Structures are given as structure tokens and as C-alpha cells.
$ cat entry-v4.cif   # mmCIF, C-alpha atoms
data_final
loop_
_atom_site.label_atom_id
_atom_site.label_comp_id
_atom_site.auth_asym_id
_atom_site.auth_seq_id
_atom_site.Cartn_x
_atom_site.Cartn_y
_atom_site.Cartn_z
CA MET A 1 -12.32 -23.17 -17.16
CA ALA A 2 -14.02 -22.31 -13.87
CA VAL A 3 -13.74 -19.47 -11.34
CA ARG A 4 -15.16 -19.36 -7.84
CA VAL A 5 -14.70 -16.39 -5.50
CA GLN A 6 -16.17 -17.09 -2.09
CA ALA A 7 -15.93 -16.33 1.62
CA ALA A 8 -16.68 -19.91 2.67
CA PRO A 9 -13.90 -22.46 3.19
CA PHE A 10 -13.53 -25.15 0.51
CA ASP A 11 -12.74 -28.82 0.92
CA LEU A 12 -9.44 -29.39 -0.88
CA GLY A 13 -9.91 -33.17 -1.17
CA GLN A 14 -13.45 -32.88 -2.47
CA GLU A 15 -12.58 -30.13 -4.96
CA THR A 16 -9.57 -32.06 -6.26
CA ALA A 17 -11.59 -35.27 -6.62
CA ALA A 18 -14.41 -33.47 -8.44
CA PHE A 19 -11.94 -31.70 -10.74
CA ALA A 20 -10.16 -34.98 -11.52
CA ALA A 21 -13.46 -36.75 -12.23
CA ALA A 22 -14.55 -33.98 -14.63
CA ALA A 23 -11.12 -33.96 -16.29
CA ALA A 24 -11.27 -37.68 -17.07
CA GLY A 25 -9.06 -38.35 -20.09
CA ALA A 26 -6.35 -35.86 -19.10
CA GLY A 27 -2.94 -37.41 -18.57
CA ALA A 28 -1.86 -34.94 -15.90
CA ILE A 29 -3.52 -32.93 -13.14
CA VAL A 30 -1.65 -30.32 -11.10
CA THR A 31 -3.11 -28.61 -8.04
CA PHE A 32 -1.70 -25.79 -5.96
CA THR A 33 -3.09 -24.62 -2.62
CA GLY A 34 -2.26 -21.33 -0.89
CA VAL A 35 -2.31 -21.50 2.92
CA VAL A 36 -2.34 -18.74 5.55
CA ARG A 37 1.10 -18.80 7.24
CA ASP A 38 1.25 -18.38 11.01
CA GLU A 39 4.48 -16.35 10.75
CA GLY A 40 5.88 -18.05 13.85
CA GLY A 41 2.79 -17.28 15.93
CA ARG A 42 2.82 -13.55 15.08
CA LEU A 43 -0.29 -13.70 12.92
CA ALA A 44 -3.78 -13.91 14.43
CA ARG A 45 -5.61 -13.85 11.11
CA MET A 46 -5.59 -12.70 7.53
CA GLU A 47 -8.32 -10.56 6.00
CA ILE A 48 -8.72 -10.49 2.25
CA GLU A 49 -10.62 -7.73 0.49
CA HIS A 50 -11.59 -7.97 -3.17
CA TYR A 51 -13.37 -6.08 -5.93
CA PRO A 52 -16.59 -8.00 -6.65
CA GLY A 53 -17.19 -8.17 -10.38
CA MET A 54 -13.69 -7.24 -11.45
CA THR A 55 -12.25 -10.20 -9.52
CA GLU A 56 -14.24 -12.76 -11.49
CA ARG A 57 -13.55 -11.00 -14.80
CA ALA A 58 -9.81 -10.73 -14.13
CA ILE A 59 -9.49 -14.40 -13.14
CA ALA A 60 -11.52 -15.54 -16.15
CA ALA A 61 -9.23 -13.50 -18.43
CA ILE A 62 -6.13 -15.03 -16.82
CA GLU A 63 -7.57 -18.54 -17.26
CA ALA A 64 -8.40 -17.80 -20.91
CA GLU A 65 -4.80 -16.67 -21.46
CA ALA A 66 -3.51 -19.89 -19.87
CA ALA A 67 -5.82 -21.93 -22.09
CA ALA A 68 -4.52 -20.09 -25.16
CA ARG A 69 -0.86 -20.73 -24.23
CA TRP A 70 -0.98 -24.37 -23.15
CA SER A 71 -2.86 -27.46 -24.12
CA LEU A 72 -5.28 -27.63 -21.18
CA THR A 73 -8.37 -29.78 -20.92
CA ALA A 74 -9.63 -27.97 -17.80
CA SER A 75 -8.69 -25.41 -15.19
CA LEU A 76 -10.16 -24.25 -11.89
CA VAL A 77 -9.45 -21.27 -9.64
CA ILE A 78 -11.05 -20.96 -6.20
CA HIS A 79 -10.10 -17.86 -4.20
CA ARG A 80 -11.53 -16.89 -0.82
CA HIS A 81 -12.08 -13.46 0.68
CA GLY A 82 -12.87 -12.35 4.23
CA ALA A 83 -11.19 -13.47 7.45
CA MET A 84 -9.02 -16.58 7.66
CA ALA A 85 -6.97 -18.10 10.47
CA PRO A 86 -3.42 -19.44 10.05
CA GLY A 87 -3.53 -22.87 8.44
CA GLU A 88 -6.72 -22.15 6.49
CA HIS A 89 -6.70 -22.58 2.73
CA ILE A 90 -6.87 -19.24 0.92
CA MET A 91 -7.11 -20.43 -2.64
CA MET A 92 -6.48 -23.28 -5.03
CA VAL A 93 -5.60 -23.68 -8.66
CA ALA A 94 -6.06 -26.90 -10.63
CA THR A 95 -5.02 -27.60 -14.20
CA ALA A 96 -5.55 -30.68 -16.35
CA ALA A 97 -3.63 -31.39 -19.54
CA PRO A 98 -2.63 -34.30 -21.77
CA HIS A 99 0.95 -34.05 -20.40
CA ARG A 100 2.43 -32.80 -17.14
CA ALA A 101 4.65 -30.04 -18.55
CA ASP A 102 1.60 -28.05 -19.71
CA ALA A 103 -0.29 -28.67 -16.45
CA PHE A 104 2.66 -27.50 -14.31
CA ALA A 105 3.46 -24.45 -16.46
CA ALA A 106 -0.17 -23.33 -16.65
CA ALA A 107 -0.61 -23.71 -12.87
CA GLU A 108 2.48 -21.58 -12.23
CA PHE A 109 1.32 -18.98 -14.77
CA LEU A 110 -2.12 -18.82 -13.11
CA MET A 111 -0.49 -18.34 -9.69
CA ASP A 112 1.87 -15.64 -10.89
CA TYR A 113 -0.97 -13.69 -12.51
CA LEU A 114 -3.40 -14.16 -9.62
CA LYS A 115 -0.85 -12.68 -7.23
CA SER A 116 -0.47 -9.39 -9.09
CA ARG A 117 -3.40 -9.02 -11.51
CA ALA A 118 -6.48 -10.28 -9.64
CA PRO A 119 -7.95 -7.54 -7.39
CA PHE A 120 -7.36 -9.00 -3.94
CA TRP A 121 -5.69 -7.22 -1.03
CA LYS A 122 -4.37 -9.03 2.04
CA LYS A 123 -4.31 -7.52 5.49
CA GLU A 124 -2.48 -9.22 8.33
CA ILE A 125 -3.90 -8.91 11.82
CA GLY A 126 -1.15 -9.57 14.37
CA ALA A 127 -1.47 -11.58 17.56
CA GLY A 128 -1.03 -8.27 19.43
CA GLY A 129 -3.95 -6.70 17.54
CA GLY A 130 -1.93 -4.56 15.10
CA ALA A 131 -2.97 -4.65 11.45
CA ALA A 132 -0.97 -4.05 8.27
CA TRP A 133 -1.75 -4.32 4.57
CA VAL A 134 0.57 -6.74 2.81
CA ALA A 135 2.77 -4.87 0.33
CA ALA A 136 3.16 -6.15 -3.21
CA ARG A 137 6.64 -7.58 -3.80
CA ALA A 138 8.97 -6.70 -6.64
CA GLU A 139 9.60 -10.45 -7.14
CA ASP A 140 5.92 -10.91 -7.99
CA GLU A 141 6.12 -8.33 -10.80
CA ALA A 142 9.36 -9.93 -11.97
CA ALA A 143 7.56 -13.28 -12.18
CA LEU A 144 5.04 -11.72 -14.59
CA ALA A 145 7.77 -10.17 -16.71
CA ARG A 146 9.18 -13.65 -17.26
CA TRP A 147 5.90 -14.85 -18.87
CA GLN A 148 5.69 -11.70 -20.98
CA ALA A 149 9.25 -12.31 -22.23
CA ASP A 150 8.26 -15.92 -23.03
CA ARG A 151 5.49 -14.71 -25.27
CA ARG A 152 7.81 -12.48 -27.28
CA ALA A 153 10.36 -15.28 -27.71
CA MET B 1 -21.78 11.20 -12.72
CA ILE B 2 -19.32 8.44 -12.17
CA GLU B 3 -19.14 5.74 -9.51
CA VAL B 4 -15.76 5.92 -7.74
CA LEU B 5 -14.59 2.93 -5.69
CA TYR B 6 -11.74 2.67 -3.19
CA PHE B 7 -10.10 -0.49 -1.87
CA ALA B 8 -7.69 -1.55 0.87
CA TRP B 9 -5.70 1.31 2.45
CA VAL B 10 -7.06 3.81 -0.09
CA ARG B 11 -10.56 3.03 1.24
CA GLU B 12 -9.33 3.35 4.83
CA ARG B 13 -7.59 6.69 4.26
CA ILE B 14 -10.54 8.23 2.43
CA GLY B 15 -12.99 6.70 4.88
CA LEU B 16 -15.55 5.29 2.46
CA PRO B 17 -15.75 2.39 -0.01
CA ARG B 18 -17.52 4.19 -2.87
CA GLU B 19 -19.20 7.43 -3.86
CA ARG B 20 -20.91 9.07 -6.83
CA VAL B 21 -18.84 11.92 -8.18
CA GLU B 22 -19.91 14.72 -10.49
CA THR B 23 -16.88 15.36 -12.66
CA ARG B 24 -15.67 16.51 -16.05
CA ALA B 25 -12.26 14.88 -15.56
CA ALA B 26 -11.00 13.45 -18.84
CA THR B 27 -8.60 10.96 -17.24
CA PRO B 28 -8.05 9.20 -13.91
CA ALA B 29 -5.14 11.60 -13.25
CA GLU B 30 -7.51 14.56 -13.58
CA LEU B 31 -10.09 12.89 -11.35
CA VAL B 32 -7.41 12.28 -8.70
CA ALA B 33 -6.40 15.96 -8.88
CA GLU B 34 -10.04 17.04 -8.42
CA LEU B 35 -10.55 14.71 -5.46
CA SER B 36 -7.23 15.66 -3.86
CA ALA B 37 -8.23 19.34 -3.98
CA ARG B 38 -11.41 18.57 -2.01
CA GLU B 39 -10.03 17.48 1.35
CA ALA B 40 -6.80 16.42 3.04
CA ARG B 41 -7.87 12.78 3.37
CA TYR B 42 -8.07 12.49 -0.44
CA ALA B 43 -4.74 14.25 -0.87
CA ALA B 44 -3.22 11.82 1.64
CA ALA B 45 -4.62 8.78 -0.13
CA PHE B 46 -3.47 9.99 -3.56
CA ALA B 47 -0.11 11.44 -2.48
CA ASP B 48 1.94 8.86 -4.40
CA LEU B 49 0.34 7.69 -7.65
CA ALA B 50 3.22 5.30 -8.28
CA ALA B 51 1.93 3.33 -5.27
CA LEU B 52 -1.58 3.11 -6.74
CA ARG B 53 -3.41 1.35 -9.53
CA VAL B 54 -6.57 2.37 -11.36
CA ALA B 55 -9.30 0.37 -13.07
CA ILE B 56 -11.93 1.78 -15.43
CA ASP B 57 -15.11 -0.29 -15.71
CA GLN B 58 -13.34 -3.18 -13.99
CA GLU B 59 -10.34 -3.28 -16.36
CA LEU B 60 -6.86 -2.13 -15.32
CA ALA B 61 -6.09 1.24 -16.91
CA GLU B 62 -3.42 3.94 -17.00
CA TRP B 63 -3.51 7.39 -15.41
CA ASP B 64 -4.01 8.95 -18.84
CA THR B 65 -6.63 6.50 -20.17
CA PRO B 66 -9.71 8.47 -21.35
CA LEU B 67 -12.64 8.38 -18.92
CA ALA B 68 -15.19 9.17 -21.62
CA GLY B 69 -18.23 6.93 -21.18
CA ALA B 70 -16.88 5.22 -18.05
CA ARG B 71 -19.44 4.18 -15.44
CA GLU B 72 -17.02 3.08 -12.72
CA VAL B 73 -13.48 4.01 -11.70
CA ALA B 74 -11.61 2.23 -8.91
CA PHE B 75 -8.44 3.23 -7.07
CA PHE B 76 -6.40 0.71 -5.08
CA PRO B 77 -2.87 -0.33 -4.11
CA PRO B 78 -1.00 -3.02 -6.08
CA MET B 79 -2.84 -6.31 -5.74
CA THR B 80 -1.78 -9.06 -3.37
CA GLY B 81 -3.78 -12.13 -4.31
CA GLY B 82 -2.79 -15.79 -4.39
#

$ encode --input "entry-v4.cif" --output "C-alpha cells"
Amino acid sequence: MAVRVQAAPFDLGQETAAFAAAAAGAGAIVTFTGVVRDEGGRLARMEIEHYPGMTERAIAAIEAEAAARWSLTASLVIHRHGAMAPGEHIMMVATAAPHRADAFAAAEFLMDYLKSRAPFWKKEIGAGGGAAWVAARAEDEAALARWQADRRA
Amino acid sequence: MIEVLYFAWVRERIGLPRERVETRAATPAELVAELSAREARYAAAFADLAALRVAIDQELAEWDTPLAGAREVAFFPPMTGG
């Protein structure tokens, strides 16, 4: 279970290879990568603010919850902050498990929780210079409710 | 004394990222009321609590969670990570 919060870009291929090497013995590895959209040329860049200290704690707690729910042999979350251009990688999640169902489910759970429970805030800077904070979406809260319902079932 | 932190548009509206506040507020809701009474920029930032979240000592909390013993309180909009 690893967390990295950083301003610097990460090398997706290198991170995936290192994760896979460390997770030797797992039968399934799932990775997800979040990318800055260009919004049809409207977006000049994305700026991500975070809450140092709480960010790492919140992500570690989310990873611990994933590890308690599924049979994982390893997990990794890398999330960047600061300014990023369209096409840049914002974050990645990797999960390793004996079987793919657990690796897929845990990766989706991590993504759903990172979206709404890790203290990051995205601001979009438009090609024309205008800036706007990205609003949280009701669908993202609904995605969390689904996992909470799963736990009660 | 308590360290109060602001993020995203809350930080922009108030005009600073953090400050030390002398307060006897028992809950985040009381602290917000004290700050809002200070100046219009605070009142503007805290106008709609339903649009805000609060964390006490880096854990998400409720508006009526006791502040007793807290070192750090943060106010921010709903998170948009991922």
C-alpha cells in the first residue's frame, strides 16, 4: 500500500513496471491513469490545489479500506498537484490481486473515493485566460453511495 | 488559539490560506459565525455552508463536531480529486 503526492510528472510505464515487479506472484494487475482533457482546445491548463498532510492521510485511509474489502497483494496511488497541461497525467492507481475481479473492483473503489474524499481541488484555466474551479458532481457522490450500500449488503 | 486553513475558492474569497484565530467556538458552525461577523469577505465565503466541507485536525468533520482540543480546522469546497 503506497501513496505519493507530488508536483512532478511521473513516468507511467516505469511506475507500472516497478509496481508489477514488486507485486510478483499476483495473478492480476489493474492500472488506471487520469489525464488532463483538452476540452476541445478550450483548456490551457489545469491547476490542482491540495491539503498537505490531510491528503496523504486520506489516501492512506482509502487504501486501507480497499485492502480490508478485497484480497489485494499491493496497491499504489500517485496523485499530482500544481499546474498541468492537457494530455499530462494527473494521477494513477494500481492494484494487484490473486484474481482480476478484486483488482478491478479495488481500483474502481479507490478512484471513486479519491474523487470525493481526498482533499484536492481542480481549477481550469481557459485558453482565453478565464479560470474556474471545477464543481463536484452529484454522480461522484452517488458512486460513493453505491460502495456504502455494498458494505451493508 | 487554533490554526484555520482555507482552500480553493474559500481561500480566494477570504484572501489568505491560513491564520491563527483566538476563539472560544465550540463547533465549526460557531467558528464560521464568529468569522462571518468579522468582515464581509468571510461572510461571502461562508454564505452557503451546504456548499462547504470542514476538517478538524485533518479528518472530515460535521458542522456540529466538538472543537475541543483541536489544533487545526480547515474549510473548503467539496473535493474534486482523481

$ residues_around --input "entry-v4.cif" --residues "Met1 in chain A" --least-positions-apart "2" --cutoff "9 Å" --atoms "only C-alpha atoms" --output "PDB file with C-alpha atoms, keeping the file's coordinate frame"
ATOM      1  CA  VAL A   3     -13.740 -19.470 -11.340  1.00  0.00           C
ATOM      2  CA  ALA A  60     -11.520 -15.540 -16.150  1.00  0.00           C
ATOM      3  CA  GLU A  63      -7.570 -18.540 -17.260  1.00  0.00           C
ATOM      4  CA  ALA A  64      -8.400 -17.800 -20.910  1.00  0.00           C
ATOM      5  CA  ALA A  67      -5.820 -21.930 -22.090  1.00  0.00           C
ATOM      6  CA  THR A  73      -8.370 -29.780 -20.920  1.00  0.00           C
ATOM      7  CA  ALA A  74      -9.630 -27.970 -17.800  1.00  0.00           C
ATOM      8  CA  SER A  75      -8.690 -25.410 -15.190  1.00  0.00           C
ATOM      9  CA  LEU A  76     -10.160 -24.250 -11.890  1.00  0.00           C
ATOM     10  CA  VAL A  77      -9.450 -21.270  -9.640  1.00  0.00           C
TER      11      VAL A  77
END

$ resolve_selection --input "entry-v4.cif" --expression "the PyMOL selection byres ((chain B and resi 55) around 9)" --output "MDAnalysis selection string"
(chainID A and resid 54) or (chainID B and resid 28 53:54 56:62 72:76)

$ interface_residues --input "entry-v4.cif" --of "chain A" --to "chain B" --cutoff "10 Å" --atoms "only C-alpha atoms" --output "NGL selection string"
:A and (33-35 or 48-58 or 78-81 or 90-93 or 110-123 or 132-137 or 140)

$ residues_around --input "entry-v4.cif" --residues "Ala44 in chain A" --least-positions-apart "4" --cutoff "6 Å" --atoms "all atoms listed in the file" --output "ChimeraX atom specification"
/A:125-127

$ resolve_selection --input "entry-v4.cif" --expression "the PyMOL selection byres ((chain A and resi 18-28) around 12)" --output "VMD selection string"
chain A and resid 1 to 2 11 to 17 29 to 31 71 to 78 92 to 107

$ atom_distance --input "entry-v4.cif" --atom1 "CA of Ala61 in chain A" --atom2 "CA of Pro9 in chain A"
23.9 Å

$ atom_distance --input "entry-v4.cif" --atom1 "CA of Ala26 in chain B" --atom2 "CA of Gly69 in chain B"
10.0 Å

$ atom_distance --input "entry-v4.cif" --atom1 "CA of Gln6 in chain A" --atom2 "CA of Glu124 in chain A"
18.9 Å

$ axis_aligned_box --input "entry-v4.cif" --around "range 47-61 of chain A" --padding-each-side "3 Å" --output "lines of an AutoDock Vina configuration file"
center_x = -12.8
center_y = -10.8
center_z = -6.2
size_x = 14.9
size_y = 15.5
size_z = 30.4

$ closest_residue --input "entry-v4.cif" --among "B:Ala29, B:Arg18, B:Pro66, B:Arg11" --to "Arg41 in chain B" --atoms "all atoms listed in the file"
B:Arg11

$ closest_residue --input "entry-v4.cif" --among "B:Ile14, B:Arg71, B:Ala37, B:Asp48" --to "Met1 in chain B" --atoms "all atoms listed in the file"
B:Arg71

$ resolve_selection --input "entry-v4.cif" --expression "the PyMOL selection byres ((chain B and resi 46) around 9)" --output "list in words"
Val10, Val32, Ala33, Leu35, Ser36, Arg41, Tyr42, Ala43, Ala44, Ala45, Ala47, Asp48, Leu49, Ala51 and Leu52 of chain B

$ residues_near_point --input "entry-v4.cif" --point "(-6.5, 11.6, -15.7)" --cutoff "7 Å" --atoms "all atoms listed in the file" --output "list of chain:residue names"
B:Ala25, B:Ala26, B:Thr27, B:Pro28, B:Ala29, B:Glu30, B:Leu31, B:Trp63, B:Asp64, B:Thr65

$ write_last_selection --input "entry-v4.cif" --atoms "C-alpha atoms" --output "PDB file, in the frame of the given file"
ATOM      1  CA  ALA B  25     -12.260  14.880 -15.560  1.00  0.00           C
ATOM      2  CA  ALA B  26     -11.000  13.450 -18.840  1.00  0.00           C
ATOM      3  CA  THR B  27      -8.600  10.960 -17.240  1.00  0.00           C
ATOM      4  CA  PRO B  28      -8.050   9.200 -13.910  1.00  0.00           C
ATOM      5  CA  ALA B  29      -5.140  11.600 -13.250  1.00  0.00           C
ATOM      6  CA  GLU B  30      -7.510  14.560 -13.580  1.00  0.00           C
ATOM      7  CA  LEU B  31     -10.090  12.890 -11.350  1.00  0.00           C
ATOM      8  CA  TRP B  63      -3.510   7.390 -15.410  1.00  0.00           C
ATOM      9  CA  ASP B  64      -4.010   8.950 -18.840  1.00  0.00           C
ATOM     10  CA  THR B  65      -6.630   6.500 -20.170  1.00  0.00           C
TER      11      THR B  65
END

$ closest_residue --input "entry-v4.cif" --among "A:Ala7, A:Met84, A:Val36, A:Ile62" --to "Leu144 in chain A" --atoms "only C-alpha atoms"
A:Ile62

$ residues_near_point --input "entry-v4.cif" --point "(6.2, -18.7, -16.0)" --cutoff "7 Å" --atoms "only C-alpha atoms" --output "tab-separated table (two decimals) with C-alpha atoms, keeping the file's coordinate frame"
chain	number	residue	atom	x	y	z
A	105	ALA	CA	3.46	-24.45	-16.46
A	108	GLU	CA	2.48	-21.58	-12.23
A	109	PHE	CA	1.32	-18.98	-14.77
A	143	ALA	CA	7.56	-13.28	-12.18
A	146	ARG	CA	9.18	-13.65	-17.26
A	147	TRP	CA	5.90	-14.85	-18.87

$ build_atoms --input "entry-v4.cif" --residues "range 94-105 of chain A" --atoms "all heavy atoms" --output "JSON list (two decimals), in the coordinates of the input"
[["chain", "number", "residue", "atom", "x", "y", "z"],
["A", 94, "ALA", "N", -6.22, -25.56, -10.08],
["A", 94, "ALA", "CA", -6.06, -26.90, -10.63],
["A", 94, "ALA", "C", -6.00, -26.80, -12.14],
["A", 94, "ALA", "O", -6.74, -26.00, -12.74],
["A", 94, "ALA", "CB", -7.21, -27.81, -10.19],
["A", 95, "THR", "N", -5.11, -27.56, -12.74],
["A", 95, "THR", "CA", -5.02, -27.60, -14.20],
["A", 95, "THR", "C", -4.97, -29.06, -14.64],
["A", 95, "THR", "O", -4.40, -29.91, -13.96],
["A", 95, "THR", "CB", -3.75, -26.90, -14.72],
["A", 95, "THR", "OG1", -2.61, -27.47, -14.07],
["A", 95, "THR", "CG2", -3.78, -25.40, -14.43],
["A", 96, "ALA", "N", -5.59, -29.33, -15.78],
["A", 96, "ALA", "CA", -5.55, -30.68, -16.35],
["A", 96, "ALA", "C", -5.09, -30.56, -17.80],
["A", 96, "ALA", "O", -5.52, -29.64, -18.51],
["A", 96, "ALA", "CB", -6.94, -31.31, -16.29],
["A", 97, "ALA", "N", -4.19, -31.45, -18.19],
["A", 97, "ALA", "CA", -3.63, -31.39, -19.54],
["A", 97, "ALA", "C", -3.27, -32.80, -20.00],
["A", 97, "ALA", "O", -3.18, -33.72, -19.18],
["A", 97, "ALA", "CB", -2.37, -30.51, -19.54],
["A", 98, "PRO", "N", -3.05, -32.97, -21.29],
["A", 98, "PRO", "CA", -2.63, -34.30, -21.77],
["A", 98, "PRO", "C", -1.29, -34.71, -21.14],
["A", 98, "PRO", "O", -1.09, -35.88, -20.86],
["A", 98, "PRO", "CB", -2.49, -34.11, -23.29],
["A", 98, "PRO", "CG", -3.40, -32.96, -23.61],
["A", 98, "PRO", "CD", -3.32, -32.05, -22.41],
["A", 99, "HIS", "N", -0.37, -33.73, -20.95],
["A", 99, "HIS", "CA", 0.95, -34.05, -20.40],
["A", 99, "HIS", "C", 1.31, -33.10, -19.26],
["A", 99, "HIS", "O", 0.85, -31.97, -19.23],
["A", 99, "HIS", "CB", 2.01, -33.95, -21.52],
["A", 99, "HIS", "CG", 1.72, -34.89, -22.64],
["A", 99, "HIS", "ND1", 1.97, -36.24, -22.57],
["A", 99, "HIS", "CD2", 1.14, -34.67, -23.85],
["A", 99, "HIS", "CE1", 1.58, -36.82, -23.70],
["A", 99, "HIS", "NE2", 1.07, -35.88, -24.50],
["A", 100, "ARG", "N", 2.20, -33.56, -18.37],
["A", 100, "ARG", "CA", 2.43, -32.80, -17.14],
["A", 100, "ARG", "C", 3.09, -31.45, -17.36],
["A", 100, "ARG", "O", 2.85, -30.51, -16.58],
["A", 100, "ARG", "CB", 3.23, -33.63, -16.13],
["A", 100, "ARG", "CG", 4.70, -33.77, -16.45],
["A", 100, "ARG", "CD", 5.43, -34.49, -15.31],
["A", 100, "ARG", "NE", 6.87, -34.55, -15.54],
["A", 100, "ARG", "CZ", 7.48, -35.47, -16.29],
["A", 100, "ARG", "NH1", 6.76, -36.42, -16.91],
["A", 100, "ARG", "NH2", 8.78, -35.46, -16.43],
["A", 101, "ALA", "N", 3.94, -31.30, -18.38],
["A", 101, "ALA", "CA", 4.65, -30.04, -18.55],
["A", 101, "ALA", "C", 3.65, -28.88, -18.71],
["A", 101, "ALA", "O", 3.82, -27.81, -18.11],
["A", 101, "ALA", "CB", 5.59, -30.10, -19.76],
["A", 102, "ASP", "N", 2.61, -29.10, -19.50],
["A", 102, "ASP", "CA", 1.60, -28.05, -19.71],
["A", 102, "ASP", "C", 0.83, -27.78, -18.42],
["A", 102, "ASP", "O", 0.52, -26.63, -18.09],
["A", 102, "ASP", "CB", 0.62, -28.45, -20.82],
["A", 102, "ASP", "CG", 1.19, -28.19, -22.21],
["A", 102, "ASP", "OD1", 2.36, -27.77, -22.29],
["A", 102, "ASP", "OD2", 0.47, -28.40, -23.19],
["A", 103, "ALA", "N", 0.49, -28.84, -17.68],
["A", 103, "ALA", "CA", -0.29, -28.67, -16.45],
["A", 103, "ALA", "C", 0.52, -27.90, -15.41],
["A", 103, "ALA", "O", 0.00, -26.98, -14.76],
["A", 103, "ALA", "CB", -0.71, -30.04, -15.89],
["A", 104, "PHE", "N", 1.81, -28.22, -15.27],
["A", 104, "PHE", "CA", 2.66, -27.50, -14.31],
["A", 104, "PHE", "C", 2.84, -26.03, -14.73],
["A", 104, "PHE", "O", 2.69, -25.12, -13.92],
["A", 104, "PHE", "CB", 4.05, -28.15, -14.21],
["A", 104, "PHE", "CG", 4.16, -29.23, -13.18],
["A", 104, "PHE", "CD1", 4.49, -30.54, -13.54],
["A", 104, "PHE", "CD2", 3.94, -28.95, -11.83],
["A", 104, "PHE", "CE1", 4.59, -31.54, -12.58],
["A", 104, "PHE", "CE2", 4.05, -29.95, -10.87],
["A", 104, "PHE", "CZ", 4.37, -31.25, -11.25],
["A", 105, "ALA", "N", 3.19, -25.82, -15.99],
["A", 105, "ALA", "CA", 3.46, -24.45, -16.46],
["A", 105, "ALA", "C", 2.22, -23.58, -16.33],
["A", 105, "ALA", "O", 2.29, -22.44, -15.87],
["A", 105, "ALA", "CB", 3.96, -24.47, -17.91]]
